[in-house]
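Source file: final.cif (mmCIF, C-alpha atoms)
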data_final
#
loop_
_atom_site.label_atom_id
_atom_site.label_comp_id
_atom_site.auth_asym_id
_atom_site.auth_seq_id
_atom_site.Cartn_x
_atom_site.Cartn_y
_atom_site.Cartn_z
CA MET A 1 -21.47 -17.10 -6.83
CA ASP A 2 -19.79 -16.24 -3.53
CA TYR A 3 -16.18 -15.84 -2.51
CA VAL A 4 -15.31 -18.55 0.01
CA ASN A 5 -11.54 -18.60 -0.53
CA ILE A 6 -9.51 -15.51 -1.42
CA LEU A 7 -5.91 -16.19 -2.47
CA VAL A 8 -3.37 -13.38 -2.04
CA SER A 9 0.21 -13.24 -3.23
CA ALA A 10 2.58 -12.39 -0.37
CA ASP A 11 6.11 -11.08 -0.86
CA LEU A 12 8.62 -8.96 1.03
CA GLY A 13 8.13 -5.79 -0.99
CA ASP A 14 7.05 -2.52 0.62
CA THR A 15 3.47 -2.85 -0.69
CA SER A 16 2.87 -6.46 0.32
CA SER A 17 1.49 -5.69 3.77
CA ASP A 18 -1.08 -3.25 2.37
CA ARG A 19 -2.20 -5.79 -0.23
CA VAL A 20 -2.68 -8.50 2.41
CA ARG A 21 -4.61 -6.07 4.61
CA LEU A 22 -6.91 -5.23 1.69
CA ALA A 23 -7.45 -8.93 0.93
CA ALA A 24 -8.12 -9.60 4.62
CA GLY A 25 -10.78 -6.89 4.62
CA LEU A 26 -12.49 -8.64 1.71
CA ALA A 27 -12.29 -11.98 3.52
CA ARG A 28 -14.04 -10.44 6.52
CA ARG A 29 -16.65 -8.82 4.31
CA PHE A 30 -17.50 -12.01 2.43
CA ASP A 31 -16.88 -14.40 5.35
CA ALA A 32 -14.19 -16.10 3.29
CA THR A 33 -10.95 -17.88 4.10
CA LEU A 34 -7.87 -15.82 3.31
CA THR A 35 -5.07 -17.92 1.85
CA GLY A 36 -1.59 -16.48 1.54
CA ALA A 37 0.87 -17.90 -0.98
CA ALA A 38 4.59 -17.45 -1.47
CA ALA A 39 7.30 -19.41 -3.25
CA HIS A 40 10.97 -19.14 -4.04
CA LYS A 41 13.18 -21.33 -6.19
CA VAL A 42 16.27 -22.83 -4.57
CA PRO A 43 19.39 -21.57 -6.38
CA ALA A 44 21.51 -24.26 -7.94
CA PRO A 45 24.97 -24.93 -6.42
CA ILE A 46 27.79 -23.13 -8.21
CA LEU A 47 31.52 -23.74 -8.52
CA VAL A 48 31.23 -27.04 -6.72
CA ARG A 49 34.38 -29.01 -5.87
CA ASP A 50 32.71 -32.40 -5.60
CA VAL A 51 29.37 -34.05 -4.90
CA TYR A 52 29.67 -33.40 -1.17
CA ASP A 53 30.22 -29.71 -1.74
CA ALA A 54 27.19 -29.65 -4.06
CA ILE A 55 25.01 -31.28 -1.39
CA GLU A 56 26.26 -28.88 1.27
CA GLN A 57 25.60 -25.84 -0.95
CA GLU A 58 22.11 -27.07 -1.78
CA GLU A 59 21.25 -27.50 1.91
CA ARG A 60 22.53 -24.01 2.70
CA ASN A 61 20.53 -22.58 -0.18
CA LYS A 62 17.38 -24.36 0.96
CA ALA A 63 17.82 -23.07 4.50
CA GLU A 64 18.27 -19.52 3.21
CA VAL A 65 15.15 -19.75 1.02
CA ARG A 66 13.09 -21.23 3.85
CA GLY A 67 14.17 -18.31 6.02
CA ILE A 68 12.94 -15.85 3.36
CA LEU A 69 9.63 -17.68 3.09
CA GLU A 70 9.25 -17.66 6.86
CA GLU A 71 9.62 -13.87 6.78
CA ALA A 72 6.82 -13.74 4.20
CA ARG A 73 4.64 -15.91 6.40
CA ALA A 74 5.18 -13.62 9.37
CA LEU A 75 4.27 -10.59 7.24
CA PHE A 76 1.12 -12.35 6.02
CA GLU A 77 -0.05 -13.32 9.50
CA ARG A 78 0.72 -9.89 10.94
CA SER A 79 -1.07 -8.07 8.10
CA ALA A 80 -4.09 -10.38 7.97
CA GLY A 81 -4.90 -9.65 11.60
CA GLU A 82 -7.50 -11.39 13.71
CA GLY A 83 -11.06 -12.52 13.15
CA ILE A 84 -10.73 -14.39 9.87
CA ARG A 85 -9.84 -17.91 8.79
CA THR A 86 -6.38 -18.05 7.24
CA GLU A 87 -4.23 -20.59 5.47
CA TRP A 88 -0.62 -20.41 4.32
CA LEU A 89 0.72 -22.19 1.22
CA VAL A 90 4.43 -22.21 0.53
CA ALA A 91 6.69 -23.97 -1.97
CA LEU A 92 10.28 -24.17 -3.18
CA ALA A 93 9.24 -23.22 -6.70
CA GLY A 94 8.63 -20.27 -8.99
CA PRO A 95 6.22 -17.75 -7.40
CA THR A 96 3.94 -17.45 -10.44
CA THR A 97 3.80 -21.21 -10.97
CA HIS A 98 2.93 -21.77 -7.31
CA LEU A 99 0.23 -19.08 -7.25
CA VAL A 100 -1.40 -20.43 -10.41
CA GLU A 101 -1.40 -23.97 -9.01
CA GLN A 102 -2.98 -22.93 -5.72
CA ALA A 103 -5.65 -20.87 -7.50
CA ARG A 104 -7.39 -24.11 -8.47
CA ALA A 105 -9.07 -23.92 -5.03
CA ALA A 106 -9.66 -20.15 -4.97
CA ASP A 107 -12.55 -17.92 -6.05
CA LEU A 108 -10.53 -14.70 -6.29
CA VAL A 109 -6.79 -14.09 -6.68
CA VAL A 110 -5.30 -10.84 -5.34
CA VAL A 111 -2.01 -9.55 -6.76
CA GLY A 112 -0.18 -6.22 -6.80
CA ARG A 113 0.13 -3.82 -9.71
CA ARG A 114 3.54 -3.94 -11.43
CA GLY A 115 3.96 -0.80 -13.53
CA PRO A 116 7.30 0.60 -14.76
CA GLU A 117 7.35 3.13 -11.91
CA ASP A 118 6.19 0.73 -9.17
CA GLU A 119 8.59 -0.60 -6.58
CA GLU A 120 10.24 -3.98 -7.05
CA THR A 121 8.72 -6.83 -5.07
CA GLY A 122 11.82 -9.04 -5.00
CA GLN A 123 12.09 -12.71 -5.86
CA LEU A 124 8.75 -13.59 -4.23
CA GLY A 125 6.74 -11.14 -6.35
CA VAL A 126 4.46 -12.18 -9.19
CA PRO A 127 3.69 -10.14 -12.35
CA PRO A 128 -0.09 -9.76 -12.86
CA GLY A 129 0.04 -10.22 -16.65
CA PRO A 130 1.25 -13.84 -16.71
CA VAL A 131 -1.02 -14.65 -13.75
CA LEU A 132 -4.04 -13.38 -15.69
CA MET A 133 -3.07 -15.47 -18.70
CA GLU A 134 -2.66 -18.72 -16.80
CA VAL A 135 -4.74 -18.72 -13.63
CA GLY A 136 -8.26 -19.35 -14.95
CA ARG A 137 -9.71 -17.32 -12.06
CA PRO A 138 -10.72 -13.68 -11.62
CA VAL A 139 -7.75 -11.56 -10.60
CA LEU A 140 -7.95 -8.44 -8.46
CA VAL A 141 -5.03 -6.14 -9.31
CA VAL A 142 -4.27 -3.79 -6.40
CA PRO A 143 -2.30 -0.54 -6.83
CA PRO A 144 0.38 0.33 -4.26
CA ARG A 145 -0.62 1.87 -0.92
CA LEU A 146 -4.27 0.81 -0.97
CA VAL A 147 -5.45 -0.97 2.17
CA HIS A 148 -9.25 -0.92 1.70
CA LEU A 149 -11.66 -1.70 -1.12
CA LYS A 150 -15.21 -0.60 -0.39
CA GLY A 151 -16.61 -1.22 -3.86
CA THR A 152 -19.51 1.16 -3.31
CA ARG A 153 -19.19 2.67 -6.81
CA ILE A 154 -18.05 0.28 -9.54
CA VAL A 155 -17.36 0.72 -13.24
CA VAL A 156 -17.97 -2.28 -15.52
CA ALA A 157 -15.91 -1.64 -18.66
CA TRP A 158 -18.11 -3.54 -21.07
CA LYS A 159 -17.22 -5.15 -24.40
CA ASP A 160 -19.37 -8.01 -25.62
CA ARG A 161 -16.58 -10.56 -25.44
CA PRO A 162 -16.12 -13.74 -23.40
CA GLU A 163 -13.50 -12.13 -21.16
CA ALA A 164 -15.85 -9.31 -20.15
CA ARG A 165 -18.72 -11.75 -19.53
CA ARG A 166 -16.51 -13.84 -17.23
CA ALA A 167 -15.28 -10.78 -15.37
CA MET A 168 -18.81 -9.47 -14.81
CA THR A 169 -20.01 -12.83 -13.49
CA ALA A 170 -16.97 -13.13 -11.23
CA ALA A 171 -17.63 -9.65 -9.82
CA LEU A 172 -21.27 -10.29 -8.85
CA PRO A 173 -20.57 -10.39 -5.09
CA PHE A 174 -19.19 -6.86 -5.41
CA LEU A 175 -21.81 -5.65 -7.88
CA ARG A 176 -24.78 -6.78 -5.76
CA ASP A 177 -23.48 -4.82 -2.75
CA ALA A 178 -22.49 -1.64 -4.58
CA ASP A 179 -24.40 1.62 -4.20
CA GLN A 180 -23.93 2.33 -7.91
CA VAL A 181 -22.71 0.29 -10.87
CA PHE A 182 -21.81 2.09 -14.11
CA VAL A 183 -21.89 -0.14 -17.20
CA VAL A 184 -19.62 1.75 -19.60
CA THR A 185 -18.91 1.10 -23.27
CA VAL A 186 -16.46 3.28 -25.20
CA GLY A 187 -16.16 3.71 -28.96
CA ASP A 188 -18.09 4.31 -32.16
CA ASP A 189 -19.89 0.97 -31.81
CA ALA A 190 -20.80 1.51 -28.16
CA GLY A 191 -24.50 1.25 -28.92
CA HIS A 192 -24.08 -2.22 -30.43
CA GLU A 193 -22.26 -3.92 -27.54
CA GLY A 194 -25.39 -4.85 -25.57
CA ALA A 195 -24.65 -2.66 -22.55
CA GLU A 196 -28.35 -2.02 -21.90
CA ALA A 197 -29.04 -5.74 -21.70
CA VAL A 198 -26.13 -6.14 -19.29
CA THR A 199 -27.53 -3.37 -17.10
CA THR A 200 -30.90 -5.12 -17.01
CA HIS A 201 -29.21 -8.41 -16.19
CA LEU A 202 -27.32 -6.86 -13.27
CA ALA A 203 -30.52 -5.24 -12.00
CA ARG A 204 -32.09 -8.70 -11.86
CA HIS A 205 -29.20 -9.67 -9.59
CA GLY A 206 -30.03 -6.75 -7.32
CA ALA A 207 -27.38 -4.32 -8.56
CA HIS A 208 -28.15 -0.60 -8.91
CA ALA A 209 -26.82 -0.32 -12.47
CA THR A 210 -26.97 2.35 -15.17
CA THR A 211 -25.73 2.38 -18.77
CA HIS A 212 -23.20 4.86 -20.14
CA LEU A 213 -22.28 4.91 -23.86
CA MET A 214 -19.21 7.04 -24.56
CA ARG A 215 -17.51 8.22 -27.72
CA ALA A 216 -13.76 7.69 -27.58
CA ALA A 217 -11.97 10.91 -26.64
CA ARG A 218 -8.49 9.44 -26.18
CA GLN A 219 -7.24 5.89 -25.70
CA GLU A 220 -9.96 3.61 -24.41
CA SER A 221 -8.04 2.91 -21.20
CA ASP A 222 -7.72 6.65 -20.55
CA ASP A 223 -11.44 7.17 -21.10
CA ILE A 224 -12.39 4.33 -18.75
CA LEU A 225 -10.03 5.32 -15.94
CA GLU A 226 -10.96 9.01 -16.24
CA PHE A 227 -14.67 8.13 -16.10
CA ALA A 228 -14.05 5.94 -13.04
CA GLN A 229 -12.22 8.73 -11.25
CA HIS A 230 -14.89 11.30 -12.12
CA GLN A 231 -17.52 8.98 -10.65
CA ASP A 232 -15.41 8.44 -7.52
CA ALA A 233 -15.35 4.70 -8.25
CA ASP A 234 -12.82 2.48 -6.50
CA LEU A 235 -13.19 -0.65 -8.63
CA VAL A 236 -13.13 -1.34 -12.37
CA VAL A 237 -14.39 -4.68 -13.70
CA MET A 238 -13.18 -5.68 -17.16
CA GLY A 239 -12.10 -8.51 -19.39
CA ALA A 240 -8.41 -9.00 -20.14
CA TYR A 241 -6.43 -9.80 -23.28
CA GLY A 242 -8.95 -9.54 -26.08
CA HIS A 243 -6.03 -10.07 -28.48
CA SER A 244 -3.23 -12.58 -28.35
CA ARG A 245 -0.82 -12.16 -25.48
CA LEU A 246 2.10 -11.43 -27.84
CA ARG A 247 0.24 -8.66 -29.67
CA GLU A 248 -1.09 -7.18 -26.43
CA TRP A 249 2.28 -7.08 -24.72
CA ILE A 250 4.24 -5.69 -27.69
CA PHE A 251 1.76 -3.09 -28.93
CA GLY A 252 0.12 -2.15 -25.64
CA GLY A 253 -3.66 -2.01 -25.41
CA VAL A 254 -6.28 -1.45 -22.78
CA THR A 255 -5.25 -4.45 -20.67
CA ARG A 256 -1.61 -3.47 -20.45
CA ASP A 257 -2.39 0.18 -19.74
CA VAL A 258 -4.73 -0.72 -16.88
CA LEU A 259 -2.35 -3.31 -15.44
CA GLU A 260 0.52 -0.85 -15.35
CA ARG A 261 -1.05 2.42 -14.24
CA SER A 262 -4.60 2.11 -12.91
CA PRO A 263 -4.87 4.16 -9.69
CA ILE A 264 -7.80 2.03 -8.47
CA CYS A 265 -8.38 -1.70 -8.07
CA CYS A 266 -9.29 -3.68 -11.18
CA LEU A 267 -11.04 -7.04 -11.20
CA MET A 268 -10.07 -8.75 -14.43
CA SER A 269 -10.65 -12.09 -16.11
CA HIS A 270 -9.12 -13.73 -19.17
#
Kindly present the structure from the file in C-alpha cells form.
Amino acid sequence: MDYVNILVSADLGDTSSDRVRLAAGLARRFDATLTGAAAHKVPAPILVRDVYDAIEQEERNKAEVRGILEEARALFERSAGEGIRTEWLVALAGPTTHLVEQARAADLVVVGRRGPEDEETGQLGVPPGPVLMEVGRPVLVVPPRLVHLKGTRIVVAWKDRPEARRAMTAALPFLRDADQVFVVTVGDDAGHEGAEAVTTHLARHGAHATTHLMRAARQESDDILEFAQHQDADLVVMGAYGHSRLREWIFGGVTRDVLERSPICCLMSH
C-alpha cells in the first residue's frame, strides 16, 4: 500500500502547528495530498426572549465559530508550507465525529498525543483514544513539539493479534524505507508469537528487519518504549485495544500508556 492522502487534525493549541508541519513532511516524502480537518459545534442559544432572539443568537454563534475555524485554516495553510497538494475540510460539528467521517478517504490519520500533562488543545482538539476506536484507519499519534518523523529506525511491537497485523500492514511504506526495523515481542510467551515469521515477511517487502524476544522487566509499555529509546528509534508500530475499550480505559494497559506518554511517534491500528 501507499499513502496518497494523509489526514491531519488541526486545532488552535500550541502544538497544532508542529503536528501539521510533521504531517506535511510525510506528504512530501510519500507524494501524498495533505488534508487538514477541523470542526466546532455551534452553541445553542441560551436565555432567549423569543424566536427572533433565538435566531439572532444562533447567527452570532455561527459567525463566531466560523471565525475560529478560519483561524485554524490559516494555521494549517501556514504550517503546511509550499510544494504539496493540500485540502481543507471543515464542519459545524463535533471535531472527533468530523475527523472520523473524513477518514473514509484517507490512508493515514495524524493526531496529537493527549496525556494528563499535555497542553489543552481547545474545542477543536480530538482525543486519540476515541479516534482509534472509531476511525477504521491507521492513526499516527504525535507527541508535542515534534516537527519531523524520519522513520529510519522503527520498532514493531508485535503480538499475534489482528490489531498488530493491521498496524504492521499499514506501516509498510515506513518499514520499507527504514534503515532498521526491530520486531519486538515482550513476555514469557514471546517465542510463541511468531515474531520470526513476521521478520521474514517484512524482509520479503524489502525491510531490514531483525527479531528481538524480551522477557518482561516492568510493564510491557515501559519495556517497549525503553527499548525504542535505547535503539534511537523514532517510530513505534503497534496494535491498539486488545481488550474491550471499557476495560482498557479503566484499568490502563499498553495502549493507554503509549497514548498518554510515549515520547516518540506511534503508528497504531485497532
Using all atoms listed in the file, which of the listed residues (A:Thr199, A:Ser221, A:Ser16, A:Thr97) sits closest to Gly253 in chain A? A:Ser221
Point-to-point distance from CA of Ala91 in chain A to CA of Phe30 in chain A, Å rounded to tenths: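 If I compute the distance from CA of Ala91 in chain A to CA of Phe30 in chain A, I get 27.3 Å.
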Counting all atoms listed in the file, I want the residues whose atoms come within 12 Å of (6.3, -20.2, -8.9) in the file frame, returned as a ChimeraX atom specification. /A:9,37-42,89-102,123-127,130-131
Edge lengths and centre in Å, axis-aligned, range 2-8 of chain A plus 6 Å each side, as AutoDock Vina command-line options:
--center_x -11.6 --center_y -16.0 --center_z -1.8 --size_x 28.4 --size_y 17.2 --size_z 15.5
Taking all atoms listed in the file into account, which of A:Leu140, A:Ala240, A:Ala216, A:Met133 comes nearest Glu163 in chain A?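 Closest to Glu163 in chain A, using all atoms listed in the file: A:Ala240.
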Please provide as a compact mmCIF listing (two decimals) with C-alpha atoms, keeping the file's coordinate frame all residues within 8 Å of range 188-198 of chain A, with the sequence filter that same-chain residues fewer than 3 positions apart are discarded (counting only C-alpha atoms).
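What landed in result09.txt:
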# COMPACT_ATOMS: atom_id res chain seq x y z
CA TRP A 158 -18.11 -3.54 -21.07
CA LYS A 159 -17.22 -5.15 -24.40
CA ASP A 160 -19.37 -8.01 -25.62
CA VAL A 183 -21.89 -0.14 -17.20
CA VAL A 184 -19.62 1.75 -19.60
CA THR A 185 -18.91 1.10 -23.27
CA HIS A 201 -29.21 -8.41 -16.19
CA LEU A 202 -27.32 -6.86 -13.27
CA THR A 211 -25.73 2.38 -18.77
CA LEU A 213 -22.28 4.91 -23.86
CA MET A 214 -19.21 7.04 -24.56
CA ARG A 215 -17.51 8.22 -27.72
CA ALA A 216 -13.76 7.69 -27.58
May I ask which of the residues A:Ala164, A:Ala44, A:Val236, A:Ile224 is the closest one to Gly187 in chain A, counting all atoms listed in the file? A:Ile224
Find the residues near Ala170 in chain A: any atom within 9 Å, counting only C-alpha atoms, skip ones fewer than 4 places away on the same chain, and give them as a ChimeraX atom specification. /A:1-2,107-108,137-138,165-166,174,267-269
Please write the residues from the selection above to a file, keeping C-alpha atoms, as a PDB file, in the coordinates of the input.
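File written: selection27.pdb
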ATOM      1  CA  MET A   1     -21.470 -17.100  -6.830  1.00  0.00           C
ATOM      2  CA  ASP A   2     -19.790 -16.240  -3.530  1.00  0.00           C
ATOM      3  CA  ASP A 107     -12.550 -17.920  -6.050  1.00  0.00           C
ATOM      4  CA  LEU A 108     -10.530 -14.700  -6.290  1.00  0.00           C
ATOM      5  CA  ARG A 137      -9.710 -17.320 -12.060  1.00  0.00           C
ATOM      6  CA  PRO A 138     -10.720 -13.680 -11.620  1.00  0.00           C
ATOM      7  CA  ARG A 165     -18.720 -11.750 -19.530  1.00  0.00           C
ATOM      8  CA  ARG A 166     -16.510 -13.840 -17.230  1.00  0.00           C
ATOM      9  CA  PHE A 174     -19.190  -6.860  -5.410  1.00  0.00           C
ATOM     10  CA  LEU A 267     -11.040  -7.040 -11.200  1.00  0.00           C
ATOM     11  CA  MET A 268     -10.070  -8.750 -14.430  1.00  0.00           C
ATOM     12  CA  SER A 269     -10.650 -12.090 -16.110  1.00  0.00           C
TER      13      SER A 269
END
Quick one: apply the PyMOL selection byres ((chain A and resi 78) around 12) to the file and drop the selected residues here as a list in words. Ala10, Ser16, Ser17, Asp18, Val20, Arg21, Ala24, Gly36, Glu71, Ala72, Arg73, Ala74, Leu75, Phe76, Glu77, Ser79, Ala80, Gly81, Glu82 and Thr86 of chain A
Figure out the distance between CA of Arg261 in chain A and CA of Thr121 in chain A, please, to one decimal in Å.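 If I compute the distance from CA of Thr121 in chain A to CA of Arg261 in chain A, I get 16.3 Å.
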For the file shown, report as a PDB file with C-alpha atoms, keeping the file's coordinate frame the outcome of the PyMOL selection byres ((chain A and resi 227) around 12) at residue level.
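Written output follows (selection28.pdb):
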ATOM      1  CA  ARG A 153     -19.190   2.670  -6.810  1.00  0.00           C
ATOM      2  CA  ILE A 154     -18.050   0.280  -9.540  1.00  0.00           C
ATOM      3  CA  VAL A 155     -17.360   0.720 -13.240  1.00  0.00           C
ATOM      4  CA  VAL A 156     -17.970  -2.280 -15.520  1.00  0.00           C
ATOM      5  CA  ALA A 157     -15.910  -1.640 -18.660  1.00  0.00           C
ATOM      6  CA  PHE A 182     -21.810   2.090 -14.110  1.00  0.00           C
ATOM      7  CA  VAL A 183     -21.890  -0.140 -17.200  1.00  0.00           C
ATOM      8  CA  VAL A 184     -19.620   1.750 -19.600  1.00  0.00           C
ATOM      9  CA  THR A 185     -18.910   1.100 -23.270  1.00  0.00           C
ATOM     10  CA  VAL A 186     -16.460   3.280 -25.200  1.00  0.00           C
ATOM     11  CA  HIS A 212     -23.200   4.860 -20.140  1.00  0.00           C
ATOM     12  CA  LEU A 213     -22.280   4.910 -23.860  1.00  0.00           C
ATOM     13  CA  MET A 214     -19.210   7.040 -24.560  1.00  0.00           C
ATOM     14  CA  ARG A 215     -17.510   8.220 -27.720  1.00  0.00           C
ATOM     15  CA  ALA A 216     -13.760   7.690 -27.580  1.00  0.00           C
ATOM     16  CA  ALA A 217     -11.970  10.910 -26.640  1.00  0.00           C
ATOM     17  CA  ARG A 218      -8.490   9.440 -26.180  1.00  0.00           C
ATOM     18  CA  GLU A 220      -9.960   3.610 -24.410  1.00  0.00           C
ATOM     19  CA  SER A 221      -8.040   2.910 -21.200  1.00  0.00           C
ATOM     20  CA  ASP A 222      -7.720   6.650 -20.550  1.00  0.00           C
ATOM     21  CA  ASP A 223     -11.440   7.170 -21.100  1.00  0.00           C
ATOM     22  CA  ILE A 224     -12.390   4.330 -18.750  1.00  0.00           C
ATOM     23  CA  LEU A 225     -10.030   5.320 -15.940  1.00  0.00           C
ATOM     24  CA  GLU A 226     -10.960   9.010 -16.240  1.00  0.00           C
ATOM     25  CA  ALA A 228     -14.050   5.940 -13.040  1.00  0.00           C
ATOM     26  CA  GLN A 229     -12.220   8.730 -11.250  1.00  0.00           C
ATOM     27  CA  HIS A 230     -14.890  11.300 -12.120  1.00  0.00           C
ATOM     28  CA  GLN A 231     -17.520   8.980 -10.650  1.00  0.00           C
ATOM     29  CA  ASP A 232     -15.410   8.440  -7.520  1.00  0.00           C
ATOM     30  CA  ALA A 233     -15.350   4.700  -8.250  1.00  0.00           C
ATOM     31  CA  ASP A 234     -12.820   2.480  -6.500  1.00  0.00           C
ATOM     32  CA  LEU A 235     -13.190  -0.650  -8.630  1.00  0.00           C
ATOM     33  CA  VAL A 236     -13.130  -1.340 -12.370  1.00  0.00           C
ATOM     34  CA  ILE A 264      -7.800   2.030  -8.470  1.00  0.00           C
TER      35      ILE A 264
END
Between CA of Val141 in chain A and CA of Val110 in chain A, what is the spacing in Å?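 So the answer is 6.2 Å.
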Can you tell me which residues surround range 54-64 of chain A at a distance of at most 7 Å, considering only C-alpha atoms, apart from same-chain residues fewer than 2 positions away, and format the answer as a list of chain:residue names? A:Val42, A:Pro43, A:Ala44, A:Pro45, A:Val48, A:Asp50, A:Val51, A:Tyr52, A:Arg66, A:Gly67, A:Ile68
Proximity to Asp257 in chain A - best of A:Gly115, A:Pro162, A:Gly151, A:Gly136, all atoms listed in the file: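 For Asp257 in chain A, the nearest of the given residues is A:Gly115.
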The PyMOL selection byres ((chain A and resi 26) around 12) applied to the shown file, residues as a ChimeraX atom specification: /A:2-8,19-25,27-35,80,84-85,108-110,140,147-151,173-174
Keeping C-alpha atoms, export the residues of the selection given above as a compact mmCIF listing (two decimals), keeping the file's coordinate frame.
# COMPACT_ATOMS: atom_id res chain seq x y z
CA ASP A 2 -19.79 -16.24 -3.53
CA TYR A 3 -16.18 -15.84 -2.51
CA VAL A 4 -15.31 -18.55 0.01
CA ASN A 5 -11.54 -18.60 -0.53
CA ILE A 6 -9.51 -15.51 -1.42
CA LEU A 7 -5.91 -16.19 -2.47
CA VAL A 8 -3.37 -13.38 -2.04
CA ARG A 19 -2.20 -5.79 -0.23
CA VAL A 20 -2.68 -8.50 2.41
CA ARG A 21 -4.61 -6.07 4.61
CA LEU A 22 -6.91 -5.23 1.69
CA ALA A 23 -7.45 -8.93 0.93
CA ALA A 24 -8.12 -9.60 4.62
CA GLY A 25 -10.78 -6.89 4.62
CA ALA A 27 -12.29 -11.98 3.52
CA ARG A 28 -14.04 -10.44 6.52
CA ARG A 29 -16.65 -8.82 4.31
CA PHE A 30 -17.50 -12.01 2.43
CA ASP A 31 -16.88 -14.40 5.35
CA ALA A 32 -14.19 -16.10 3.29
CA THR A 33 -10.95 -17.88 4.10
CA LEU A 34 -7.87 -15.82 3.31
CA THR A 35 -5.07 -17.92 1.85
CA ALA A 80 -4.09 -10.38 7.97
CA ILE A 84 -10.73 -14.39 9.87
CA ARG A 85 -9.84 -17.91 8.79
CA LEU A 108 -10.53 -14.70 -6.29
CA VAL A 109 -6.79 -14.09 -6.68
CA VAL A 110 -5.30 -10.84 -5.34
CA LEU A 140 -7.95 -8.44 -8.46
CA VAL A 147 -5.45 -0.97 2.17
CA HIS A 148 -9.25 -0.92 1.70
CA LEU A 149 -11.66 -1.70 -1.12
CA LYS A 150 -15.21 -0.60 -0.39
CA GLY A 151 -16.61 -1.22 -3.86
CA PRO A 173 -20.57 -10.39 -5.09
CA PHE A 174 -19.19 -6.86 -5.41
Could you check the closest approach to Glu119 in chain A for each of A:Leu12, A:Ala106, A:Val237, A:Ala167 and tell me which residue wins, using all atoms listed in the file? A:Leu12
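Distance annotation: of A:Trp88, A:Val111, A:Thr15, A:Val258, the residue with the minimal separation from Glu70 in chain A is A:Trp88; atom set is only C-alpha atoms.
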